[in-house]
file query16.cif (mmCIF, N, CA, C and O atoms and all ligand atoms)
data_final
loop_
_atom_site.label_atom_id
_atom_site.label_comp_id
_atom_site.auth_asym_id
_atom_site.auth_seq_id
_atom_site.Cartn_x
_atom_site.Cartn_y
_atom_site.Cartn_z
N VAL L 23 -25.90 106.54 -81.54
CA VAL L 23 -26.70 105.63 -82.38
C VAL L 23 -27.61 106.45 -83.28
O VAL L 23 -28.36 107.29 -82.79
N LYS L 24 -27.55 106.16 -84.55
CA LYS L 24 -28.41 106.87 -85.50
C LYS L 24 -29.82 106.30 -85.46
O LYS L 24 -30.00 105.10 -85.33
N MET L 25 -30.79 107.19 -85.61
CA MET L 25 -32.17 106.74 -85.67
C MET L 25 -32.41 106.01 -86.99
O MET L 25 -31.82 106.36 -88.00
N GLY L 26 -33.27 105.01 -86.95
CA GLY L 26 -33.65 104.33 -88.19
C GLY L 26 -32.87 103.07 -88.45
O GLY L 26 -33.23 102.29 -89.31
N ASN L 27 -31.81 102.86 -87.69
CA ASN L 27 -31.00 101.67 -87.92
C ASN L 27 -31.24 100.57 -86.89
O ASN L 27 -30.63 99.51 -86.96
N SER L 28 -32.12 100.83 -85.95
CA SER L 28 -32.27 99.88 -84.85
C SER L 28 -32.78 98.53 -85.32
O SER L 28 -32.32 97.49 -84.84
N ALA L 29 -33.71 98.53 -86.27
CA ALA L 29 -34.26 97.26 -86.75
C ALA L 29 -33.16 96.45 -87.43
O ALA L 29 -33.06 95.24 -87.23
N PHE L 30 -32.36 97.13 -88.20
CA PHE L 30 -31.27 96.44 -88.88
C PHE L 30 -30.27 95.89 -87.87
O PHE L 30 -29.85 94.75 -87.95
N ASP L 31 -29.90 96.72 -86.89
CA ASP L 31 -28.95 96.29 -85.88
C ASP L 31 -29.47 95.07 -85.12
O ASP L 31 -28.74 94.14 -84.84
N LEU L 32 -30.77 95.11 -84.80
CA LEU L 32 -31.37 94.02 -84.06
C LEU L 32 -31.35 92.74 -84.87
O LEU L 32 -31.02 91.67 -84.37
N ALA L 33 -31.67 92.86 -86.15
CA ALA L 33 -31.68 91.69 -87.02
C ALA L 33 -30.27 91.12 -87.14
O ALA L 33 -30.08 89.90 -87.13
N GLU L 34 -29.32 92.01 -87.23
CA GLU L 34 -27.93 91.57 -87.37
C GLU L 34 -27.48 90.86 -86.09
O GLU L 34 -26.83 89.82 -86.15
N LEU L 35 -27.87 91.43 -84.96
CA LEU L 35 -27.51 90.83 -83.68
C LEU L 35 -28.14 89.45 -83.54
O LEU L 35 -27.50 88.50 -83.12
N ARG L 36 -29.40 89.36 -83.92
CA ARG L 36 -30.10 88.07 -83.85
C ARG L 36 -29.42 87.03 -84.73
O ARG L 36 -29.24 85.89 -84.33
N ALA L 37 -29.08 87.44 -85.94
CA ALA L 37 -28.43 86.52 -86.87
C ALA L 37 -27.12 86.02 -86.29
O ALA L 37 -26.77 84.85 -86.40
N GLU L 38 -26.42 86.95 -85.64
CA GLU L 38 -25.14 86.59 -85.04
C GLU L 38 -25.35 85.59 -83.90
O GLU L 38 -24.63 84.61 -83.78
N GLN L 39 -26.36 85.85 -83.08
CA GLN L 39 -26.64 84.96 -81.95
C GLN L 39 -27.06 83.59 -82.45
O GLN L 39 -26.66 82.57 -81.89
N GLU L 40 -27.87 83.56 -83.50
CA GLU L 40 -28.33 82.27 -84.03
C GLU L 40 -27.17 81.50 -84.62
O GLU L 40 -27.08 80.29 -84.48
N ARG L 41 -26.27 82.21 -85.29
CA ARG L 41 -25.09 81.55 -85.86
C ARG L 41 -24.23 80.97 -84.75
O ARG L 41 -23.78 79.83 -84.81
N ASP L 42 -24.01 81.75 -83.70
CA ASP L 42 -23.21 81.27 -82.57
C ASP L 42 -23.86 80.05 -81.94
O ASP L 42 -23.18 79.10 -81.58
N ALA L 43 -25.18 80.10 -81.78
CA ALA L 43 -25.88 78.97 -81.17
C ALA L 43 -25.76 77.73 -82.03
O ALA L 43 -25.57 76.62 -81.52
N ALA L 44 -25.87 77.91 -83.34
CA ALA L 44 -25.76 76.78 -84.26
C ALA L 44 -24.38 76.18 -84.20
O ALA L 44 -24.22 74.95 -84.19
N ILE L 45 -23.38 77.03 -84.14
CA ILE L 45 -22.00 76.54 -84.05
C ILE L 45 -21.80 75.81 -82.73
O ILE L 45 -21.25 74.72 -82.70
N ALA L 46 -22.29 76.37 -81.66
CA ALA L 46 -22.14 75.75 -80.35
C ALA L 46 -22.81 74.38 -80.33
O ALA L 46 -22.25 73.41 -79.81
N THR L 47 -24.00 74.29 -80.92
CA THR L 47 -24.71 73.02 -80.96
C THR L 47 -23.93 72.00 -81.78
O THR L 47 -23.75 70.86 -81.36
N ALA L 48 -23.44 72.43 -82.93
CA ALA L 48 -22.71 71.53 -83.81
C ALA L 48 -21.45 71.01 -83.15
O ALA L 48 -21.02 69.89 -83.39
N HIS L 49 -20.88 71.82 -82.29
CA HIS L 49 -19.60 71.45 -81.68
C HIS L 49 -19.75 70.73 -80.35
O HIS L 49 -18.77 70.35 -79.75
N ASN L 50 -20.98 70.59 -79.90
CA ASN L 50 -21.17 69.97 -78.59
C ASN L 50 -22.11 68.78 -78.66
O ASN L 50 -22.75 68.44 -77.67
N THR L 51 -22.20 68.14 -79.80
CA THR L 51 -23.17 67.07 -79.98
C THR L 51 -22.89 65.87 -79.09
O THR L 51 -23.78 65.14 -78.73
N VAL L 52 -21.64 65.63 -78.75
CA VAL L 52 -21.33 64.49 -77.91
C VAL L 52 -20.87 64.92 -76.52
O VAL L 52 -20.30 64.15 -75.78
N GLY L 53 -21.12 66.18 -76.17
CA GLY L 53 -20.84 66.65 -74.83
C GLY L 53 -19.37 66.70 -74.48
O GLY L 53 -18.99 66.52 -73.33
N ARG L 54 -18.54 66.94 -75.46
CA ARG L 54 -17.12 67.05 -75.17
C ARG L 54 -16.83 68.32 -74.39
O ARG L 54 -17.56 69.29 -74.47
N ILE L 55 -15.72 68.29 -73.66
CA ILE L 55 -15.31 69.48 -72.93
C ILE L 55 -14.75 70.51 -73.91
O ILE L 55 -15.20 71.63 -73.96
N GLY L 56 -13.80 70.08 -74.70
CA GLY L 56 -13.24 70.97 -75.71
C GLY L 56 -13.98 70.81 -77.01
O GLY L 56 -15.08 70.29 -77.07
N SER L 57 -13.38 71.23 -78.07
CA SER L 57 -14.02 71.15 -79.37
C SER L 57 -13.09 70.43 -80.34
O SER L 57 -11.88 70.56 -80.28
N LEU L 58 -13.71 69.64 -81.22
CA LEU L 58 -12.92 68.95 -82.24
C LEU L 58 -12.51 69.90 -83.34
O LEU L 58 -11.50 69.71 -84.01
N VAL L 59 -13.35 70.90 -83.53
CA VAL L 59 -13.05 71.88 -84.57
C VAL L 59 -13.00 73.27 -83.97
O VAL L 59 -13.66 73.56 -82.97
N CYS L 60 -12.21 74.12 -84.58
CA CYS L 60 -12.05 75.49 -84.12
C CYS L 60 -13.37 76.24 -84.23
O CYS L 60 -14.03 76.18 -85.26
N VAL L 61 -13.76 76.94 -83.15
CA VAL L 61 -15.02 77.66 -83.17
C VAL L 61 -14.94 78.90 -84.05
O VAL L 61 -15.96 79.47 -84.41
N ASP L 62 -13.73 79.33 -84.39
CA ASP L 62 -13.58 80.52 -85.22
C ASP L 62 -13.51 80.16 -86.69
O ASP L 62 -14.22 80.73 -87.51
N CYS L 63 -12.63 79.25 -87.07
CA CYS L 63 -12.43 78.98 -88.49
C CYS L 63 -13.00 77.62 -88.91
O CYS L 63 -12.99 77.29 -90.09
N THR L 64 -13.50 76.86 -87.94
CA THR L 64 -14.12 75.55 -88.16
C THR L 64 -13.16 74.51 -88.76
O THR L 64 -13.59 73.46 -89.21
N GLU L 65 -11.87 74.81 -88.72
CA GLU L 65 -10.89 73.80 -89.13
C GLU L 65 -10.72 72.80 -87.97
O GLU L 65 -10.95 73.13 -86.81
N ASP L 66 -10.31 71.60 -88.29
CA ASP L 66 -10.04 70.62 -87.24
C ASP L 66 -8.93 71.12 -86.34
O ASP L 66 -7.93 71.68 -86.81
N ILE L 67 -9.10 70.90 -85.04
CA ILE L 67 -8.02 71.20 -84.11
C ILE L 67 -7.12 69.96 -84.04
O ILE L 67 -7.61 68.84 -83.90
N GLU L 68 -5.85 70.17 -84.16
CA GLU L 68 -4.91 69.04 -84.15
C GLU L 68 -5.05 68.24 -82.87
O GLU L 68 -5.25 68.78 -81.80
N GLU L 69 -4.91 66.92 -83.01
CA GLU L 69 -5.06 66.06 -81.85
C GLU L 69 -4.03 66.41 -80.77
O GLU L 69 -4.35 66.40 -79.58
N ALA L 70 -2.82 66.75 -81.18
CA ALA L 70 -1.78 67.10 -80.22
C ALA L 70 -2.21 68.30 -79.38
O ALA L 70 -1.98 68.35 -78.17
N ARG L 71 -2.86 69.27 -80.06
CA ARG L 71 -3.31 70.45 -79.32
C ARG L 71 -4.47 70.08 -78.39
O ARG L 71 -4.53 70.56 -77.26
N ARG L 72 -5.36 69.21 -78.85
CA ARG L 72 -6.48 68.82 -78.00
C ARG L 72 -6.00 68.06 -76.77
O ARG L 72 -6.57 68.20 -75.69
N LEU L 73 -4.96 67.26 -76.96
CA LEU L 73 -4.42 66.53 -75.81
C LEU L 73 -3.73 67.48 -74.86
O LEU L 73 -3.83 67.35 -73.64
N ALA L 74 -3.02 68.45 -75.42
CA ALA L 74 -2.28 69.40 -74.59
C ALA L 74 -3.21 70.41 -73.92
O ALA L 74 -2.95 70.87 -72.82
N ALA L 75 -4.30 70.74 -74.62
CA ALA L 75 -5.25 71.73 -74.12
C ALA L 75 -6.67 71.22 -74.33
O ALA L 75 -7.34 71.61 -75.27
N PRO L 76 -7.13 70.32 -73.44
CA PRO L 76 -8.45 69.68 -73.63
C PRO L 76 -9.62 70.66 -73.66
O PRO L 76 -10.67 70.33 -74.19
N PHE L 77 -9.42 71.84 -73.10
CA PHE L 77 -10.51 72.81 -73.07
C PHE L 77 -10.48 73.75 -74.27
O PHE L 77 -11.32 74.63 -74.39
N ALA L 78 -9.51 73.56 -75.13
CA ALA L 78 -9.35 74.48 -76.26
C ALA L 78 -10.57 74.49 -77.15
O ALA L 78 -11.14 73.45 -77.46
N GLN L 79 -10.99 75.67 -77.54
CA GLN L 79 -12.11 75.82 -78.45
C GLN L 79 -11.64 76.33 -79.81
O GLN L 79 -12.43 76.43 -80.75
N ARG L 80 -10.36 76.66 -79.88
CA ARG L 80 -9.83 77.24 -81.11
C ARG L 80 -8.53 76.55 -81.51
O ARG L 80 -7.83 76.02 -80.66
N CYS L 81 -8.23 76.61 -82.78
CA CYS L 81 -6.94 76.14 -83.23
C CYS L 81 -5.87 77.13 -82.77
O CYS L 81 -6.18 78.23 -82.30
N ILE L 82 -4.63 76.73 -82.89
CA ILE L 82 -3.55 77.56 -82.36
C ILE L 82 -3.57 78.95 -83.00
O ILE L 82 -3.42 79.96 -82.31
N GLU L 83 -3.77 78.99 -84.31
CA GLU L 83 -3.74 80.29 -85.01
C GLU L 83 -4.83 81.22 -84.50
O GLU L 83 -4.59 82.39 -84.21
N CYS L 84 -6.06 80.69 -84.40
CA CYS L 84 -7.17 81.53 -83.95
C CYS L 84 -7.01 81.89 -82.48
O CYS L 84 -7.38 82.99 -82.07
N GLN L 85 -6.46 80.99 -81.68
CA GLN L 85 -6.23 81.30 -80.28
C GLN L 85 -5.25 82.45 -80.15
O GLN L 85 -5.45 83.37 -79.35
N ASN L 86 -4.20 82.41 -80.96
CA ASN L 86 -3.23 83.50 -80.93
C ASN L 86 -3.87 84.82 -81.33
O ASN L 86 -3.65 85.85 -80.68
N LEU L 87 -4.68 84.79 -82.38
CA LEU L 87 -5.39 86.00 -82.82
C LEU L 87 -6.30 86.50 -81.71
O LEU L 87 -6.37 87.69 -81.42
N HIS L 88 -7.03 85.55 -81.10
CA HIS L 88 -7.99 85.89 -80.05
C HIS L 88 -7.28 86.56 -78.88
O HIS L 88 -7.75 87.57 -78.36
N GLU L 89 -6.15 86.01 -78.49
CA GLU L 89 -5.43 86.57 -77.35
C GLU L 89 -4.83 87.93 -77.68
O GLU L 89 -4.72 88.80 -76.83
N ARG L 90 -4.45 88.11 -78.94
CA ARG L 90 -3.89 89.40 -79.34
C ARG L 90 -4.98 90.48 -79.32
O ARG L 90 -4.70 91.62 -79.02
N LYS L 91 -6.21 90.07 -79.69
CA LYS L 91 -7.30 91.03 -79.75
C LYS L 91 -7.72 91.49 -78.36
O LYS L 91 -8.12 92.61 -78.16
N SER L 92 -7.67 90.60 -77.38
CA SER L 92 -8.17 90.93 -76.07
C SER L 92 -7.09 91.45 -75.15
O SER L 92 -6.00 91.74 -75.52
ZN ZN L 101 -9.10 78.37 -86.09
#
call {"tool": "encode", "arguments": {"input": "query16.cif", "output": "structure tokens"}}
result
Amino acid sequence: VKMGNSAFDLAELRAEQERDAAIATAHNTVGRIGSLVCVDCTEDIEEARRLAAPFAQRCIECQNLHERKS
């Protein structure tokens, strides 16, 4: 870690956390188990996918990307 960048890193981390929290709040307003919209791209998740995977938080494309990354 380079000296002098900690404040920037912290601010960036905070911004990221706040964005995640805002997204989580927006997606959980009615206490659903899954999400109506993809947490990654914010596109609507198809009803067929929600029925097949009620816990899904991502659309099929983002889920595939997510699984490939991990
Ligand atoms: Zn998506």
call {"tool": "residues_near_ligand", "arguments": {"input": "query16.cif", "ligand": "ligand ZN 101 (chain L)", "cutoff": "6 Å", "atoms": "all atoms listed in the file", "output": "list in words"}}
result
Cys60, Val61, Asp62, Cys63, Thr64, Glu65, Arg80, Cys81, Ile82, Glu83, Cys84 and Gln85 of chain L
call {"tool": "closest_residue", "arguments": {"input": "query16.cif", "among": "L:Asn27, L:Glu34, L:Gln79, L:Arg71", "to": "Ala46 (chain L)", "atoms": "only C-alpha atoms"}}
result
L:Gln79
call {"tool": "select_by_dssp", "arguments": {"input": "query16.cif", "residues": "region 39-91 of chain L", "states": "alpha helix (DSSP H)", "output": "mmCIF file with N, CA, C and O atoms, keeping the file's coordinate frame"}}
result
data_model
loop_
_atom_site.group_PDB
_atom_site.id
_atom_site.type_symbol
_atom_site.label_atom_id
_atom_site.label_comp_id
_atom_site.auth_asym_id
_atom_site.auth_seq_id
_atom_site.Cartn_x
_atom_site.Cartn_y
_atom_site.Cartn_z
ATOM 1 N N GLN L 39 -26.360 85.850 -83.080
ATOM 2 C CA GLN L 39 -26.640 84.960 -81.950
ATOM 3 C C GLN L 39 -27.060 83.590 -82.450
ATOM 4 O O GLN L 39 -26.660 82.570 -81.890
ATOM 5 N N GLU L 40 -27.870 83.560 -83.500
ATOM 6 C CA GLU L 40 -28.330 82.270 -84.030
ATOM 7 C C GLU L 40 -27.170 81.500 -84.620
ATOM 8 O O GLU L 40 -27.080 80.290 -84.480
ATOM 9 N N ARG L 41 -26.270 82.210 -85.290
ATOM 10 C CA ARG L 41 -25.090 81.550 -85.860
ATOM 11 C C ARG L 41 -24.230 80.970 -84.750
ATOM 12 O O ARG L 41 -23.780 79.830 -84.810
ATOM 13 N N ASP L 42 -24.010 81.750 -83.700
ATOM 14 C CA ASP L 42 -23.210 81.270 -82.570
ATOM 15 C C ASP L 42 -23.860 80.050 -81.940
ATOM 16 O O ASP L 42 -23.180 79.100 -81.580
ATOM 17 N N ALA L 43 -25.180 80.100 -81.780
ATOM 18 C CA ALA L 43 -25.880 78.970 -81.170
ATOM 19 C C ALA L 43 -25.760 77.730 -82.030
ATOM 20 O O ALA L 43 -25.570 76.620 -81.520
ATOM 21 N N ALA L 44 -25.870 77.910 -83.340
ATOM 22 C CA ALA L 44 -25.760 76.780 -84.260
ATOM 23 C C ALA L 44 -24.380 76.180 -84.200
ATOM 24 O O ALA L 44 -24.220 74.950 -84.190
ATOM 25 N N ILE L 45 -23.380 77.030 -84.140
ATOM 26 C CA ILE L 45 -22.000 76.540 -84.050
ATOM 27 C C ILE L 45 -21.800 75.810 -82.730
ATOM 28 O O ILE L 45 -21.250 74.720 -82.700
ATOM 29 N N ALA L 46 -22.290 76.370 -81.660
ATOM 30 C CA ALA L 46 -22.140 75.750 -80.350
ATOM 31 C C ALA L 46 -22.810 74.380 -80.330
ATOM 32 O O ALA L 46 -22.250 73.410 -79.810
ATOM 33 N N THR L 47 -24.000 74.290 -80.920
ATOM 34 C CA THR L 47 -24.710 73.020 -80.960
ATOM 35 C C THR L 47 -23.930 72.000 -81.780
ATOM 36 O O THR L 47 -23.750 70.860 -81.360
ATOM 37 N N ALA L 48 -23.440 72.430 -82.930
ATOM 38 C CA ALA L 48 -22.710 71.530 -83.810
ATOM 39 C C ALA L 48 -21.450 71.010 -83.150
ATOM 40 O O ALA L 48 -21.020 69.890 -83.390
ATOM 41 N N HIS L 49 -20.880 71.820 -82.290
ATOM 42 C CA HIS L 49 -19.600 71.450 -81.680
ATOM 43 C C HIS L 49 -19.750 70.730 -80.350
ATOM 44 O O HIS L 49 -18.770 70.350 -79.750
ATOM 45 N N GLU L 69 -4.910 66.920 -83.010
ATOM 46 C CA GLU L 69 -5.060 66.060 -81.850
ATOM 47 C C GLU L 69 -4.030 66.410 -80.770
ATOM 48 O O GLU L 69 -4.350 66.400 -79.580
ATOM 49 N N ALA L 70 -2.820 66.750 -81.180
ATOM 50 C CA ALA L 70 -1.780 67.100 -80.220
ATOM 51 C C ALA L 70 -2.210 68.300 -79.380
ATOM 52 O O ALA L 70 -1.980 68.350 -78.170
ATOM 53 N N ARG L 71 -2.860 69.270 -80.060
ATOM 54 C CA ARG L 71 -3.310 70.450 -79.320
ATOM 55 C C ARG L 71 -4.470 70.080 -78.390
ATOM 56 O O ARG L 71 -4.530 70.560 -77.260
ATOM 57 N N ARG L 72 -5.360 69.210 -78.850
ATOM 58 C CA ARG L 72 -6.480 68.820 -78.000
ATOM 59 C C ARG L 72 -6.000 68.060 -76.770
ATOM 60 O O ARG L 72 -6.570 68.200 -75.690
ATOM 61 N N LEU L 73 -4.960 67.260 -76.960
ATOM 62 C CA LEU L 73 -4.420 66.530 -75.810
ATOM 63 C C LEU L 73 -3.730 67.480 -74.860
ATOM 64 O O LEU L 73 -3.830 67.350 -73.640
ATOM 65 N N ALA L 74 -3.020 68.450 -75.420
ATOM 66 C CA ALA L 74 -2.280 69.400 -74.590
ATOM 67 C C ALA L 74 -3.210 70.410 -73.920
ATOM 68 O O ALA L 74 -2.950 70.870 -72.820
ATOM 69 N N ILE L 82 -4.630 76.730 -82.890
ATOM 70 C CA ILE L 82 -3.550 77.560 -82.360
ATOM 71 C C ILE L 82 -3.570 78.950 -83.000
ATOM 72 O O ILE L 82 -3.420 79.960 -82.310
ATOM 73 N N GLU L 83 -3.770 78.990 -84.310
ATOM 74 C CA GLU L 83 -3.740 80.290 -85.010
ATOM 75 C C GLU L 83 -4.830 81.220 -84.500
ATOM 76 O O GLU L 83 -4.590 82.390 -84.210
ATOM 77 N N CYS L 84 -6.060 80.690 -84.400
ATOM 78 C CA CYS L 84 -7.170 81.530 -83.950
ATOM 79 C C CYS L 84 -7.010 81.890 -82.480
ATOM 80 O O CYS L 84 -7.380 82.990 -82.070
ATOM 81 N N GLN L 85 -6.460 80.990 -81.680
ATOM 82 C CA GLN L 85 -6.230 81.300 -80.280
ATOM 83 C C GLN L 85 -5.250 82.450 -80.150
ATOM 84 O O GLN L 85 -5.450 83.370 -79.350
ATOM 85 N N ASN L 86 -4.200 82.410 -80.960
ATOM 86 C CA ASN L 86 -3.230 83.500 -80.930
ATOM 87 C C ASN L 86 -3.870 84.820 -81.330
ATOM 88 O O ASN L 86 -3.650 85.850 -80.680
ATOM 89 N N LEU L 87 -4.680 84.790 -82.380
ATOM 90 C CA LEU L 87 -5.390 86.000 -82.820
ATOM 91 C C LEU L 87 -6.300 86.500 -81.710
ATOM 92 O O LEU L 87 -6.370 87.690 -81.420
ATOM 93 N N HIS L 88 -7.030 85.550 -81.100
ATOM 94 C CA HIS L 88 -7.990 85.890 -80.050
ATOM 95 C C HIS L 88 -7.280 86.560 -78.880
ATOM 96 O O HIS L 88 -7.750 87.570 -78.360
ATOM 97 N N GLU L 89 -6.150 86.010 -78.490
ATOM 98 C CA GLU L 89 -5.430 86.570 -77.350
ATOM 99 C C GLU L 89 -4.830 87.930 -77.680
ATOM 100 O O GLU L 89 -4.720 88.800 -76.830
ATOM 101 N N ARG L 90 -4.450 88.110 -78.940
ATOM 102 C CA ARG L 90 -3.890 89.400 -79.340
ATOM 103 C C ARG L 90 -4.980 90.480 -79.320
ATOM 104 O O ARG L 90 -4.700 91.620 -79.020
ATOM 105 N N LYS L 91 -6.210 90.070 -79.690
ATOM 106 C CA LYS L 91 -7.300 91.030 -79.750
ATOM 107 C C LYS L 91 -7.720 91.490 -78.360
ATOM 108 O O LYS L 91 -8.120 92.610 -78.160
#
call {"tool": "atom_distance", "arguments": {"input": "query16.cif", "atom1": "atom C of Ile45 (chain L)", "atom2": "atom N of His88 (chain L)"}}
result
17.8 Å
call {"tool": "atom_distance", "arguments": {"input": "query16.cif", "atom1": "atom C of Gly56 (chain L)", "atom2": "atom N of Ala70 (chain L)"}}
result
12.6 Å
